[in-house]
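Peer 1: Sharing a structure with you now.
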Amino acid sequence: MKSPWVKKLFLLLILVLLVIFPAASPSPYLVHIMTLIFIWAYISTAWAYMGRFGLVSLGHGAFLGIGAYVTALLFNYFNLSPWIGMLIGASSAAFLAAVLGYACFRFGVIGDYFALVTLAVGELVALSIIALRDTTGGSLGFTIRNLGNAPLYFQFSNKVYFYYLSFLFLVFALYLWVRIDKSKMQKALRAIGEDEIAASSVGINIIKYKMTITIISAFLTGIGGVLYAQYITYLNPHTLSGVEVSLAIPFKAILGGMFDMWGPTIGTAMIVSLEEYIRVSYGTKFIGISEVAYGIALIVLIIFLPKGLYGTLKEMKIFKNERRRQYGCNKRKEVILRGR
Amino acid sequence: MLELRGISRYFGGLAALKDVSIKVEKGEFVGLIGPNGSGKTTLFNIISGVLKPSSGRVLYMGRDITGLNPNKICHLGIARTFQIPRPFKNLSVIENVMLGVLFGNFEQFVPYSEENVKQEALKYLNFVGLRVDESTMPDELTAVGLRRLELARALATRPALLLADEVLSGLNKEELAEASSILKRIRDEMGITIIWVEHIIGALMNLVERVIVLDYGEVIADGSPTEVSKDERVIEAYLGEES
């Protein structure tokens with residue numbers, strides 16, 4: 001395996017390349033694609049905070065939508081700067097997560113059932129946005145008032161700022177991932193993800209830790225919604241909330257591998273590029289072709305590569321080195337008998 | 001130390017426990033036996049908070065702990081092992097025990113540093129005689145190894161009362177003697193009160209000072225091993241089961 005400093009140097013190189021990318025890029029289109037990748041990678045990383053501990057949410061569209069809508073409505077109607085509104089929006093998402101989480105965790109709704117409950121909540125938020133069409137514009141969506149170049153109001157005439165901003169957010173989400181990994185919480189959640197009864201019998205407060213990670217994940221996702229909405233300057237319940245996004249987020253994370261910190265980012269990069277490729281080369285000829293491809297890929301992935309593409313590759317490498325500290329690789333061929 | 005007052009538990013219309021009252025004093029080594037389905041594990045689940053009793057109270061050190069969450073009860077100093085070992089399979093053996101150190105009884109909490117916690121965990125693994133290295137996973141352990149891991153993880157939470165559920169099942173003769181001697185050492189050297197549920201009655205009778213017998217959810221005998229083994233109701237309950 002690579003030594004730590006080679007790895008650090010490699011990361012630094014990528015970092016520098018990404019920082020100078022907009023200046024060197026041949027077209028603003030590529031910068032736009034990169035920005036989209038950063039935003040969605042940030043969101044699916046936030047999703048994987050929960051997902052990797054067995055808290056599979058299929059309703060992150062709810063948090064995304066609430067974050068984006070609350071912030072944008074506060075700006076459009078009350079002229080509140082999205083920089084402040086963003087905190088209110090994300091807090092509202094976190095509040096919903098707290099209510100939903102407490103209800104589920106208190107009564108032991110786990111696994112598939114948790115996924116189903118969240119799926120319903122995601123759809124509920126989308127439908128509420130549509131129902132409140134007098135304020136939200138319903139399924140037609142609405143546009144954020146354009147102020148031209150107003151950095152204090154989260155609006156930039158040059159889209160490059162969004163590139164750097166979303167890049168920073170992604171870096172922050174990855175940094176938080178590392179921090180969580182080093183914390184007591186990560187150990188507690190790993191144990192909870194495996195066996196709740198055994199975890200509580202060693203003194204782990206299941207509800208507390210699950211609530212904490214759910215709230216963190218929802219808050220970050222709420223901010224992701226703001227980021228996306230401000231960048232596109234147009235809000236639509238179907239692109240920000242509802243089943244479609246709610247499924248697209250986990251898919252990105254699962255494709256890359258949700259157990260590794262780079263997994264969601266790599267998965268997102270692949271999906272966004274593929275989506276753009278299909279859109280550009282086939283256009284409107286096959287509407288919905290990418291969704292069909294998603295569906296098939298998702299089935300194949302869950303059956304054959306539950307750890308995702310990157311996660312699987314990484315694990316193979318680890319096997320070679322006879323290190324098996326990775327999640328879930330308890331299927332070693334030869335069983336060494338110890339402990340006698 | 002632990003007092004159960006009129007504990008009953010129904011599953012549907014079926015009574016798993018009927019008005020069970022038991023008192024255990026500090027430092028005791030108590031065996032809890034009974035035929036299959038007599039409610040031993042249910043009783044453990046109620047004490048450790050996994051199940052709530054349909055009626056009755058659980059008092060621990062004079063405090064009513066009925067219906068508290070399992071993690072709370074663990075923090076108060078009651079640890080348990082599981083009848084079927086439940087290790088965290090994706091964590092190494094050492095990490096399994098570290099969880100107990102990290103999240104167990106708060107009162108004697110060691111300052112949190114990875115190294116501290118690991119040393120503490122190794123201490124308990126040594127105590128139960130399980131020698132592993134950093135990367136040993138639970139699925140590499142034998143049946144005895146898993147039992148030892150269960151014990152080490154429970155001890156790591158620094159309990160004052162240990163509920164040991166069938167520590168001996170699935171072991172051969174040689175292992176039986178060794179595993180039961182670990183329990184004795186836990187009581188004698190660590191001063192932990194033990195309630196021990198066991199199917200292998202011979203091994204249990206040799207070690208414990210007091211035996212409580214459950215049958216159909218009721219306490220039918222409570223006394224020293226010699227007294228209990230002469231008790232007619234006990235003989236009936238066991239022979240009745242076999243015939």
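Each chain of the structure tokens is named A, B, ... in the order shown, its residues numbered from 1; ligands are numbered from 1 in display order.
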Would you return as a ChimeraX atom specification the members of range 213-295 of chain A that DSSP assigns to alpha helix (DSSP H) on this structure's backbone?
Peer 2: /A:213-232,237-240,242-256,263-282,289-295
Peer 1: Could you tell me which of B:Arg185, B:His199, B:Lys123, B:Lys72 comes closest to chain A if we count only C-alpha atoms?
Peer 2: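 Selected residue with least distance to chain A: B:Lys72.
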Peer 1: Which one of A:Lys7, A:Arg52, A:Lys307, A:His32 sits closest to Trp177 in chain A if you count only C-alpha atoms?
Peer 2: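 Counting only C-alpha atoms, the residue closest to Trp177 in chain A is A:Arg52.
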Peer 1: Find the residues in chain B near chain A: any atom within 9 Å counts, using only C-alpha atoms. Write them as a tab-separated table (two decimals) with all heavy atoms, in the first residue's frame.
Peer 2:
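That gives us selection.tsv:
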```tsv
chain	number	residue	atom	x	y	z
B	48	SER	N	-32.20	-6.77	32.46
B	48	SER	CA	-31.28	-5.93	31.70
B	48	SER	C	-32.01	-4.89	30.85
B	48	SER	O	-31.37	-4.11	30.16
B	48	SER	CB	-30.39	-6.80	30.82
B	48	SER	OG	-31.17	-7.49	29.89
B	49	GLY	N	-33.33	-4.88	30.90
B	49	GLY	CA	-34.07	-3.80	30.24
B	49	GLY	C	-34.46	-4.06	28.80
B	49	GLY	O	-35.04	-3.20	28.16
B	50	VAL	N	-34.12	-5.23	28.27
B	50	VAL	CA	-34.50	-5.53	26.89
B	50	VAL	C	-36.02	-5.70	26.79
B	50	VAL	O	-36.64	-5.29	25.83
B	50	VAL	CB	-33.76	-6.79	26.39
B	50	VAL	CG1	-34.25	-7.20	25.02
B	50	VAL	CG2	-32.26	-6.53	26.35
B	69	ASN	N	-33.98	1.94	29.87
B	69	ASN	CA	-33.36	1.41	28.66
B	69	ASN	C	-32.14	0.56	29.02
B	69	ASN	O	-31.48	0.84	30.03
B	69	ASN	CB	-32.91	2.56	27.75
B	69	ASN	CG	-34.08	3.17	27.03
B	69	ASN	OD1	-35.09	2.51	26.80
B	69	ASN	ND2	-33.96	4.44	26.69
B	70	PRO	N	-31.82	-0.44	28.17
B	70	PRO	CA	-30.68	-1.30	28.49
B	70	PRO	C	-29.38	-0.53	28.74
B	70	PRO	O	-28.61	-0.90	29.61
B	70	PRO	CB	-30.55	-2.16	27.23
B	70	PRO	CG	-31.90	-2.18	26.64
B	70	PRO	CD	-32.53	-0.88	26.97
B	71	ASN	N	-29.16	0.55	27.97
B	71	ASN	CA	-27.90	1.26	28.16
B	71	ASN	C	-27.82	1.93	29.52
B	71	ASN	O	-26.78	1.97	30.17
B	71	ASN	CB	-27.67	2.27	27.03
B	71	ASN	CG	-28.77	3.28	26.90
B	71	ASN	OD1	-29.90	2.95	26.61
B	71	ASN	ND2	-28.44	4.55	27.14
B	72	LYS	N	-28.95	2.43	30.00
B	72	LYS	CA	-29.02	3.03	31.34
B	72	LYS	C	-28.68	1.98	32.40
B	72	LYS	O	-27.91	2.23	33.32
B	72	LYS	CB	-30.45	3.53	31.61
B	72	LYS	CG	-30.67	4.96	31.21
B	72	LYS	CD	-30.46	5.88	32.43
B	72	LYS	CE	-30.60	7.34	32.04
B	72	LYS	NZ	-31.92	7.61	31.42
B	73	ILE	N	-29.29	0.81	32.23
B	73	ILE	CA	-29.08	-0.26	33.20
B	73	ILE	C	-27.62	-0.71	33.21
B	73	ILE	O	-27.04	-0.95	34.25
B	73	ILE	CB	-30.05	-1.42	32.91
B	73	ILE	CG1	-31.46	-0.96	33.31
B	73	ILE	CG2	-29.66	-2.68	33.64
B	73	ILE	CD1	-32.57	-1.90	32.98
B	74	CYS	N	-27.05	-0.71	32.01
B	74	CYS	CA	-25.62	-1.05	31.92
B	74	CYS	C	-24.79	0.00	32.67
B	74	CYS	O	-23.87	-0.33	33.40
B	74	CYS	CB	-25.20	-1.11	30.46
B	74	CYS	SG	-23.45	-1.22	30.20
B	75	HIS	N	-25.17	1.26	32.51
B	75	HIS	CA	-24.42	2.33	33.19
B	75	HIS	C	-24.54	2.23	34.71
B	75	HIS	O	-23.65	2.66	35.43
B	75	HIS	CB	-24.91	3.70	32.72
B	75	HIS	CG	-24.55	3.99	31.30
B	75	HIS	ND1	-25.11	5.01	30.57
B	75	HIS	CD2	-23.70	3.37	30.48
B	75	HIS	CE1	-24.61	5.00	29.36
B	75	HIS	NE2	-23.76	4.01	29.28
B	79	ALA	N	-24.29	-5.94	33.86
B	79	ALA	CA	-23.86	-6.37	32.54
B	79	ALA	C	-24.42	-7.76	32.27
B	79	ALA	O	-24.76	-8.47	33.20
B	79	ALA	CB	-22.35	-6.40	32.45
B	80	ARG	N	-24.51	-8.12	31.00
B	80	ARG	CA	-25.01	-9.44	30.68
B	80	ARG	C	-24.26	-10.05	29.51
B	80	ARG	O	-23.65	-9.35	28.70
B	80	ARG	CB	-26.49	-9.36	30.32
B	80	ARG	CG	-26.67	-8.70	28.97
B	80	ARG	CD	-28.06	-8.81	28.44
B	80	ARG	NE	-28.49	-10.20	28.32
B	80	ARG	CZ	-29.69	-10.55	27.87
B	80	ARG	NH1	-30.53	-9.63	27.49
B	80	ARG	NH2	-30.03	-11.80	27.77
B	81	THR	N	-24.30	-11.37	29.45
B	81	THR	CA	-23.82	-12.04	28.23
B	81	THR	C	-25.04	-12.67	27.59
B	81	THR	O	-26.07	-12.83	28.23
B	81	THR	CB	-22.80	-13.15	28.56
B	81	THR	OG1	-23.48	-14.23	29.20
B	81	THR	CG2	-21.70	-12.63	29.45
B	82	PHE	N	-24.91	-12.99	26.32
B	82	PHE	CA	-26.06	-13.54	25.61
B	82	PHE	C	-25.93	-15.04	25.44
B	82	PHE	O	-24.83	-15.57	25.26
B	82	PHE	CB	-26.20	-12.87	24.25
B	82	PHE	CG	-26.62	-11.44	24.33
B	82	PHE	CD1	-25.67	-10.43	24.29
B	82	PHE	CD2	-27.94	-11.10	24.49
B	82	PHE	CE1	-26.05	-9.11	24.39
B	82	PHE	CE2	-28.32	-9.78	24.58
B	82	PHE	CZ	-27.39	-8.78	24.54
B	86	ARG	N	-23.39	-12.70	20.72
B	86	ARG	CA	-23.71	-11.66	19.74
B	86	ARG	C	-22.53	-10.72	19.60
B	86	ARG	O	-22.63	-9.56	20.01
B	86	ARG	CB	-24.94	-10.87	20.21
B	86	ARG	CG	-26.17	-11.71	20.37
B	86	ARG	CD	-27.29	-10.89	20.90
B	86	ARG	NE	-28.02	-10.24	19.83
B	86	ARG	CZ	-29.36	-10.13	19.81
B	86	ARG	NH1	-30.07	-10.58	20.81
B	86	ARG	NH2	-29.96	-9.52	18.82
B	87	PRO	N	-21.44	-11.19	19.01
B	87	PRO	CA	-20.33	-10.27	18.81
B	87	PRO	C	-20.65	-9.31	17.66
B	87	PRO	O	-21.53	-9.60	16.85
B	87	PRO	CB	-19.17	-11.19	18.42
B	87	PRO	CG	-19.84	-12.35	17.77
B	87	PRO	CD	-21.18	-12.52	18.43
B	88	PHE	N	-19.97	-8.17	17.63
B	88	PHE	CA	-20.09	-7.29	16.46
B	88	PHE	C	-19.14	-7.86	15.42
B	88	PHE	O	-17.93	-7.72	15.53
B	88	PHE	CB	-19.74	-5.86	16.83
B	88	PHE	CG	-20.63	-5.32	17.90
B	88	PHE	CD1	-20.14	-5.04	19.16
B	88	PHE	CD2	-21.97	-5.12	17.67
B	88	PHE	CE1	-20.96	-4.56	20.16
B	88	PHE	CE2	-22.81	-4.64	18.65
B	88	PHE	CZ	-22.30	-4.35	19.90
B	89	LYS	N	-19.69	-8.50	14.39
B	89	LYS	CA	-18.87	-9.32	13.50
B	89	LYS	C	-17.91	-8.50	12.64
B	89	LYS	O	-16.89	-9.01	12.20
B	89	LYS	CB	-19.77	-10.16	12.59
B	89	LYS	CG	-20.51	-11.23	13.35
B	89	LYS	CD	-21.10	-12.25	12.40
B	89	LYS	CE	-22.06	-13.20	13.11
B	89	LYS	NZ	-23.37	-12.54	13.40
B	90	ASN	N	-18.26	-7.27	12.39
B	90	ASN	CA	-17.38	-6.48	11.53
B	90	ASN	C	-16.35	-5.67	12.30
B	90	ASN	O	-15.63	-4.87	11.73
B	90	ASN	CB	-18.22	-5.54	10.64
B	90	ASN	CG	-19.03	-6.32	9.64
B	90	ASN	OD1	-18.62	-7.40	9.22
B	90	ASN	ND2	-20.18	-5.81	9.28
B	91	LEU	N	-16.31	-5.87	13.59
B	91	LEU	CA	-15.29	-5.22	14.41
B	91	LEU	C	-14.34	-6.30	14.91
B	91	LEU	O	-14.76	-7.43	15.15
B	91	LEU	CB	-15.94	-4.51	15.61
B	91	LEU	CG	-16.45	-3.10	15.41
B	91	LEU	CD1	-17.63	-3.07	14.46
B	91	LEU	CD2	-16.85	-2.49	16.72
B	92	SER	N	-13.07	-5.93	15.08
B	92	SER	CA	-12.13	-6.92	15.58
B	92	SER	C	-12.49	-7.26	17.02
B	92	SER	O	-13.25	-6.55	17.68
B	92	SER	CB	-10.71	-6.38	15.49
B	92	SER	OG	-10.50	-5.43	16.51
B	95	GLU	N	-11.69	-4.52	19.35
B	95	GLU	CA	-12.64	-3.41	19.24
B	95	GLU	C	-13.97	-3.72	19.93
B	95	GLU	O	-14.60	-2.86	20.52
B	95	GLU	CB	-12.90	-3.08	17.76
B	95	GLU	CG	-11.80	-2.26	17.14
B	95	GLU	CD	-12.02	-2.03	15.66
B	95	GLU	OE1	-12.36	-3.01	14.94
B	95	GLU	OE2	-11.88	-0.90	15.21
B	96	ASN	N	-14.38	-4.98	19.84
B	96	ASN	CA	-15.59	-5.40	20.53
B	96	ASN	C	-15.51	-5.09	22.02
B	96	ASN	O	-16.44	-4.54	22.60
B	96	ASN	CB	-15.78	-6.92	20.36
B	96	ASN	CG	-16.72	-7.27	19.24
B	96	ASN	OD1	-17.91	-7.28	19.42
B	96	ASN	ND2	-16.17	-7.52	18.06
B	99	LEU	N	-15.50	-1.37	22.99
B	99	LEU	CA	-16.83	-0.72	23.07
B	99	LEU	C	-17.35	-0.75	24.51
B	99	LEU	O	-17.91	0.23	25.00
B	99	LEU	CB	-17.83	-1.43	22.17
B	99	LEU	CG	-17.72	-1.14	20.68
B	99	LEU	CD1	-18.68	-2.04	19.93
B	99	LEU	CD2	-18.05	0.31	20.40
B	100	GLY	N	-17.14	-1.89	25.16
B	100	GLY	CA	-17.57	-2.00	26.55
B	100	GLY	C	-16.86	-0.99	27.43
B	100	GLY	O	-17.47	-0.34	28.28
B	101	VAL	N	-15.56	-0.85	27.21
B	101	VAL	CA	-14.77	0.10	28.01
B	101	VAL	C	-15.27	1.52	27.77
B	101	VAL	O	-15.46	2.30	28.70
B	101	VAL	CB	-13.28	0.00	27.66
B	101	VAL	CG1	-12.48	1.00	28.48
B	101	VAL	CG2	-12.76	-1.41	27.89
B	102	LEU	N	-15.51	1.83	26.47
B	102	LEU	CA	-15.86	3.20	26.09
B	102	LEU	C	-17.24	3.62	26.58
B	102	LEU	O	-17.46	4.76	26.96
B	102	LEU	CB	-15.85	3.31	24.57
B	102	LEU	CG	-14.56	3.73	23.93
B	102	LEU	CD1	-14.71	3.65	22.42
B	102	LEU	CD2	-14.20	5.16	24.31
B	103	PHE	N	-18.19	2.67	26.50
B	103	PHE	CA	-19.57	3.08	26.73
B	103	PHE	C	-20.18	2.51	28.00
B	103	PHE	O	-21.32	2.78	28.31
B	103	PHE	CB	-20.44	2.67	25.53
B	103	PHE	CG	-20.05	3.38	24.27
B	103	PHE	CD1	-19.23	2.78	23.35
B	103	PHE	CD2	-20.51	4.66	24.04
B	103	PHE	CE1	-18.85	3.44	22.19
B	103	PHE	CE2	-20.16	5.32	22.88
B	103	PHE	CZ	-19.32	4.71	21.96
B	104	GLY	N	-19.39	1.71	28.73
B	104	GLY	CA	-19.94	1.04	29.90
B	104	GLY	C	-20.19	1.97	31.08
B	104	GLY	O	-20.52	3.13	30.92
B	105	ASN	N	-20.02	1.40	32.24
B	105	ASN	CA	-20.26	2.11	33.49
B	105	ASN	C	-19.44	3.39	33.59
B	105	ASN	O	-18.22	3.36	33.64
B	105	ASN	CB	-19.88	1.16	34.63
B	105	ASN	CG	-20.32	1.68	35.96
B	105	ASN	OD1	-20.64	2.86	36.10
B	105	ASN	ND2	-20.34	0.81	36.93
B	129	GLY	N	-8.76	-15.12	29.46
B	129	GLY	CA	-7.88	-16.06	28.80
B	129	GLY	C	-8.05	-16.13	27.30
B	129	GLY	O	-7.90	-17.19	26.69
B	130	LEU	N	-8.37	-15.01	26.68
B	130	LEU	CA	-8.52	-14.99	25.22
B	130	LEU	C	-7.35	-14.20	24.64
B	130	LEU	O	-7.25	-12.99	24.86
B	130	LEU	CB	-9.85	-14.34	24.85
B	130	LEU	CG	-10.26	-14.36	23.39
B	130	LEU	CD1	-10.35	-15.77	22.87
B	130	LEU	CD2	-11.58	-13.65	23.20
B	131	ARG	N	-6.47	-14.92	23.95
B	131	ARG	CA	-5.31	-14.23	23.40
B	131	ARG	C	-5.52	-13.99	21.90
B	131	ARG	O	-5.69	-14.95	21.15
B	131	ARG	CB	-4.04	-15.02	23.66
B	131	ARG	CG	-3.17	-14.40	24.74
B	131	ARG	CD	-2.21	-15.41	25.34
B	131	ARG	NE	-2.88	-16.30	26.26
B	131	ARG	CZ	-3.19	-15.96	27.52
B	131	ARG	NH1	-2.91	-14.76	27.98
B	131	ARG	NH2	-3.81	-16.83	28.32
B	132	VAL	N	-5.56	-12.73	21.53
B	132	VAL	CA	-5.81	-12.40	20.13
B	132	VAL	C	-4.85	-11.30	19.72
B	132	VAL	O	-4.26	-10.65	20.57
B	132	VAL	CB	-7.24	-11.86	19.92
B	132	VAL	CG1	-8.25	-12.95	20.12
B	132	VAL	CG2	-7.53	-10.70	20.84
B	135	SER	N	-5.77	-7.85	14.66
B	135	SER	CA	-6.68	-7.99	13.52
B	135	SER	C	-7.60	-9.20	13.63
B	135	SER	O	-8.33	-9.50	12.70
B	135	SER	CB	-5.86	-8.09	12.24
B	135	SER	OG	-5.05	-9.25	12.31
B	136	THR	N	-7.56	-9.90	14.76
B	136	THR	CA	-8.44	-11.08	14.87
B	136	THR	C	-9.90	-10.66	14.85
B	136	THR	O	-10.30	-9.76	15.59
B	136	THR	CB	-8.16	-11.84	16.19
B	136	THR	OG1	-6.77	-12.00	16.33
B	136	THR	CG2	-8.84	-13.20	16.17
B	137	MET	N	-10.67	-11.29	13.98
B	137	MET	CA	-12.10	-10.99	13.90
B	137	MET	C	-12.88	-12.06	14.66
B	137	MET	O	-12.41	-13.20	14.79
B	137	MET	CB	-12.55	-10.95	12.44
B	137	MET	CG	-11.81	-9.98	11.56
B	137	MET	SD	-11.92	-8.27	12.11
B	137	MET	CE	-13.53	-7.83	11.49
B	138	PRO	N	-14.07	-11.70	15.13
B	138	PRO	CA	-14.86	-12.68	15.90
B	138	PRO	C	-15.12	-13.98	15.15
B	138	PRO	O	-15.20	-15.03	15.76
B	138	PRO	CB	-16.16	-11.95	16.17
B	138	PRO	CG	-15.81	-10.52	16.12
B	138	PRO	CD	-14.72	-10.40	15.10
B	139	ASP	N	-15.23	-13.93	13.82
B	139	ASP	CA	-15.56	-15.18	13.13
B	139	ASP	C	-14.37	-16.13	13.03
B	139	ASP	O	-14.49	-17.22	12.51
B	139	ASP	CB	-16.16	-14.89	11.74
B	139	ASP	CG	-15.19	-14.17	10.82
B	139	ASP	OD1	-14.14	-13.75	11.32
B	139	ASP	OD2	-15.49	-14.03	9.64
B	140	GLU	N	-13.23	-15.72	13.55
B	140	GLU	CA	-12.10	-16.63	13.59
B	140	GLU	C	-12.05	-17.37	14.93
B	140	GLU	O	-11.18	-18.21	15.14
B	140	GLU	CB	-10.79	-15.87	13.41
B	140	GLU	CG	-10.69	-15.16	12.06
B	140	GLU	CD	-9.52	-14.18	12.03
B	140	GLU	OE1	-8.58	-14.36	12.81
B	140	GLU	OE2	-9.58	-13.23	11.24
B	141	LEU	N	-12.96	-17.01	15.82
B	141	LEU	CA	-12.93	-17.62	17.14
B	141	LEU	C	-13.71	-18.92	17.17
B	141	LEU	O	-14.64	-19.12	16.41
B	141	LEU	CB	-13.53	-16.66	18.17
B	141	LEU	CG	-12.82	-15.34	18.42
B	141	LEU	CD1	-13.58	-14.55	19.46
B	141	LEU	CD2	-11.40	-15.56	18.86
B	142	THR	N	-13.31	-19.80	18.08
B	142	THR	CA	-14.06	-21.04	18.30
B	142	THR	C	-15.23	-20.75	19.23
B	142	THR	O	-15.38	-19.63	19.72
B	142	THR	CB	-13.19	-22.08	18.98
B	142	THR	OG1	-12.72	-21.51	20.20
B	142	THR	CG2	-12.01	-22.46	18.13
B	144	VAL	N	-15.67	-21.64	22.30
B	144	VAL	CA	-15.19	-21.14	23.60
B	144	VAL	C	-14.72	-19.71	23.49
B	144	VAL	O	-15.00	-18.89	24.37
B	144	VAL	CB	-13.94	-21.89	24.12
B	144	VAL	CG1	-13.99	-22.01	25.63
B	144	VAL	CG2	-13.72	-23.17	23.41
B	145	GLY	N	-14.01	-19.44	22.40
B	145	GLY	CA	-13.49	-18.09	22.20
B	145	GLY	C	-14.62	-17.08	22.22
B	145	GLY	O	-14.51	-16.03	22.84
B	146	LEU	N	-15.73	-17.42	21.56
B	146	LEU	CA	-16.87	-16.49	21.51
B	146	LEU	C	-17.46	-16.28	22.90
B	146	LEU	O	-17.85	-15.17	23.25
B	146	LEU	CB	-17.93	-17.01	20.55
B	146	LEU	CG	-17.60	-16.86	19.07
B	146	LEU	CD1	-18.62	-17.60	18.23
B	146	LEU	CD2	-17.56	-15.39	18.67
B	148	ARG	N	-15.87	-16.48	25.67
B	148	ARG	CA	-14.92	-15.64	26.40
B	148	ARG	C	-15.05	-14.18	25.99
B	148	ARG	O	-14.96	-13.28	26.81
B	148	ARG	CB	-13.48	-16.10	26.14
B	148	ARG	CG	-13.14	-17.39	26.78
B	148	ARG	CD	-11.72	-17.74	26.38
B	148	ARG	NE	-11.52	-19.16	26.44
B	148	ARG	CZ	-10.66	-19.75	27.27
B	148	ARG	NH1	-9.92	-19.02	28.06
B	148	ARG	NH2	-10.54	-21.04	27.30
B	153	ARG	N	-16.39	-8.66	27.04
B	153	ARG	CA	-17.10	-7.45	26.67
B	153	ARG	C	-18.02	-6.99	27.79
B	153	ARG	O	-18.15	-5.80	28.07
B	153	ARG	CB	-17.91	-7.69	25.39
B	153	ARG	CG	-18.39	-6.43	24.73
B	153	ARG	CD	-19.04	-6.73	23.41
B	153	ARG	NE	-20.29	-7.47	23.60
B	153	ARG	CZ	-21.02	-7.97	22.58
B	153	ARG	NH1	-20.62	-7.78	21.35
B	153	ARG	NH2	-22.12	-8.62	22.82
B	154	ALA	N	-18.65	-7.97	28.46
B	154	ALA	CA	-19.51	-7.62	29.58
B	154	ALA	C	-18.68	-7.05	30.74
B	154	ALA	O	-19.05	-6.04	31.34
B	154	ALA	CB	-20.30	-8.83	30.03
B	156	ALA	N	-15.91	-5.54	30.59
B	156	ALA	CA	-15.32	-4.26	30.23
B	156	ALA	C	-16.24	-3.08	30.58
B	156	ALA	O	-15.79	-1.96	30.72
B	156	ALA	CB	-15.00	-4.23	28.74
B	157	THR	N	-17.53	-3.36	30.74
B	157	THR	CA	-18.43	-2.26	31.13
B	157	THR	C	-18.35	-2.00	32.64
B	157	THR	O	-19.09	-1.18	33.16
B	157	THR	CB	-19.89	-2.58	30.76
B	157	THR	OG1	-20.33	-3.70	31.52
B	157	THR	CG2	-20.05	-2.87	29.28
```
Peer 1: Per DSSP on the backbone, filter range 10-169 of chain B down to the residues in strand (DSSP E) and report them as number ranges by chain.
Peer 2: B: 10-11, 14-24, 29-33, 55-60, 63-64, 78-80, 161-165
Peer 1: Extract, using only C-alpha atoms, all DNA, RNA and protein residues at most 10 Å from Thr226 in chain B, discarding same-chain residues fewer than 3 positions from it, and format them as a PyMOL selection string.
Peer 2: chain B and resi 205-206+209-211+223+229-231
Peer 1: Output the selection as a tab-separated table (two decimals), in the first residue's frame - N, CA and C atoms for each residue.
Peer 2:
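Here's the written file out30.tsv:
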```tsv
chain	number	residue	atom	x	y	z
B	205	MET	N	-23.87	-26.66	39.83
B	205	MET	CA	-24.06	-27.05	41.23
B	205	MET	C	-22.75	-27.06	42.01
B	206	ASN	N	-21.65	-27.39	41.30
B	206	ASN	CA	-20.35	-27.45	41.98
B	206	ASN	C	-19.84	-26.08	42.40
B	209	GLU	N	-23.32	-20.96	45.26
B	209	GLU	CA	-23.65	-21.12	46.67
B	209	GLU	C	-25.15	-21.22	46.88
B	210	ARG	N	-25.87	-20.77	45.86
B	210	ARG	CA	-27.30	-20.77	46.01
B	210	ARG	C	-27.93	-21.05	44.65
B	211	VAL	N	-29.00	-21.78	44.64
B	211	VAL	CA	-29.65	-22.10	43.38
B	211	VAL	C	-31.11	-21.69	43.44
B	223	GLY	N	-32.41	-22.23	47.35
B	223	GLY	CA	-31.61	-22.65	48.50
B	223	GLY	C	-30.24	-23.12	48.07
B	229	SER	N	-31.20	-29.94	45.29
B	229	SER	CA	-31.17	-31.20	44.54
B	229	SER	C	-32.01	-32.27	45.22
B	230	LYS	N	-32.38	-32.05	46.49
B	230	LYS	CA	-33.24	-33.03	47.17
B	230	LYS	C	-34.71	-32.63	47.08
B	231	ASP	N	-34.96	-31.42	46.66
B	231	ASP	CA	-36.33	-30.91	46.63
B	231	ASP	C	-37.21	-31.71	45.66
```
Peer 1: Which residues are near Met34 in chain A? Cut-off 10 Å, only C-alpha atoms, ignore same chain within fewer than 5 positions. Put them as a compact mmCIF listing (two decimals) with N, CA and C atoms, in the first residue's frame.
Peer 2:
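Contents of part.txt, as written:
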```txt
# COMPACT_ATOMS: atom_id res chain seq x y z
N LEU A 18 -7.60 20.95 -9.03
CA LEU A 18 -8.99 21.39 -8.97
C LEU A 18 -9.08 22.89 -8.76
N PHE A 21 -8.30 24.51 -12.06
CA PHE A 21 -9.11 24.00 -13.16
C PHE A 21 -9.92 25.05 -13.91
N PRO A 22 -10.68 25.91 -13.19
CA PRO A 22 -11.50 26.88 -13.93
C PRO A 22 -10.69 27.78 -14.86
N PRO A 28 -16.52 26.96 -20.26
CA PRO A 28 -17.24 27.12 -18.99
C PRO A 28 -18.18 25.95 -18.74
N TYR A 29 -18.51 25.22 -19.82
CA TYR A 29 -19.40 24.08 -19.67
C TYR A 29 -18.80 23.04 -18.72
N ILE A 39 -21.48 19.78 -5.91
CA ILE A 39 -22.70 19.95 -5.12
C ILE A 39 -23.31 18.58 -4.79
N TRP A 40 -23.48 17.76 -5.81
CA TRP A 40 -24.12 16.46 -5.56
C TRP A 40 -23.22 15.52 -4.77
N TYR A 163 -18.29 27.41 -8.26
CA TYR A 163 -17.35 26.29 -8.36
C TYR A 163 -16.53 26.18 -7.08
N SER A 166 -18.80 25.46 -3.83
CA SER A 166 -19.27 24.08 -3.67
C SER A 166 -18.09 23.15 -3.42
N PHE A 167 -16.95 23.49 -3.98
CA PHE A 167 -15.74 22.72 -3.71
C PHE A 167 -15.42 22.76 -2.22
N ALA A 269 -19.34 11.65 -9.42
CA ALA A 269 -18.59 12.07 -10.62
C ALA A 269 -19.00 11.18 -11.80
N VAL A 272 -22.93 11.93 -12.76
CA VAL A 272 -23.17 13.24 -13.38
C VAL A 272 -22.57 13.28 -14.79
N SER A 273 -21.36 12.73 -14.94
CA SER A 273 -20.75 12.75 -16.27
C SER A 273 -21.56 11.89 -17.24
```
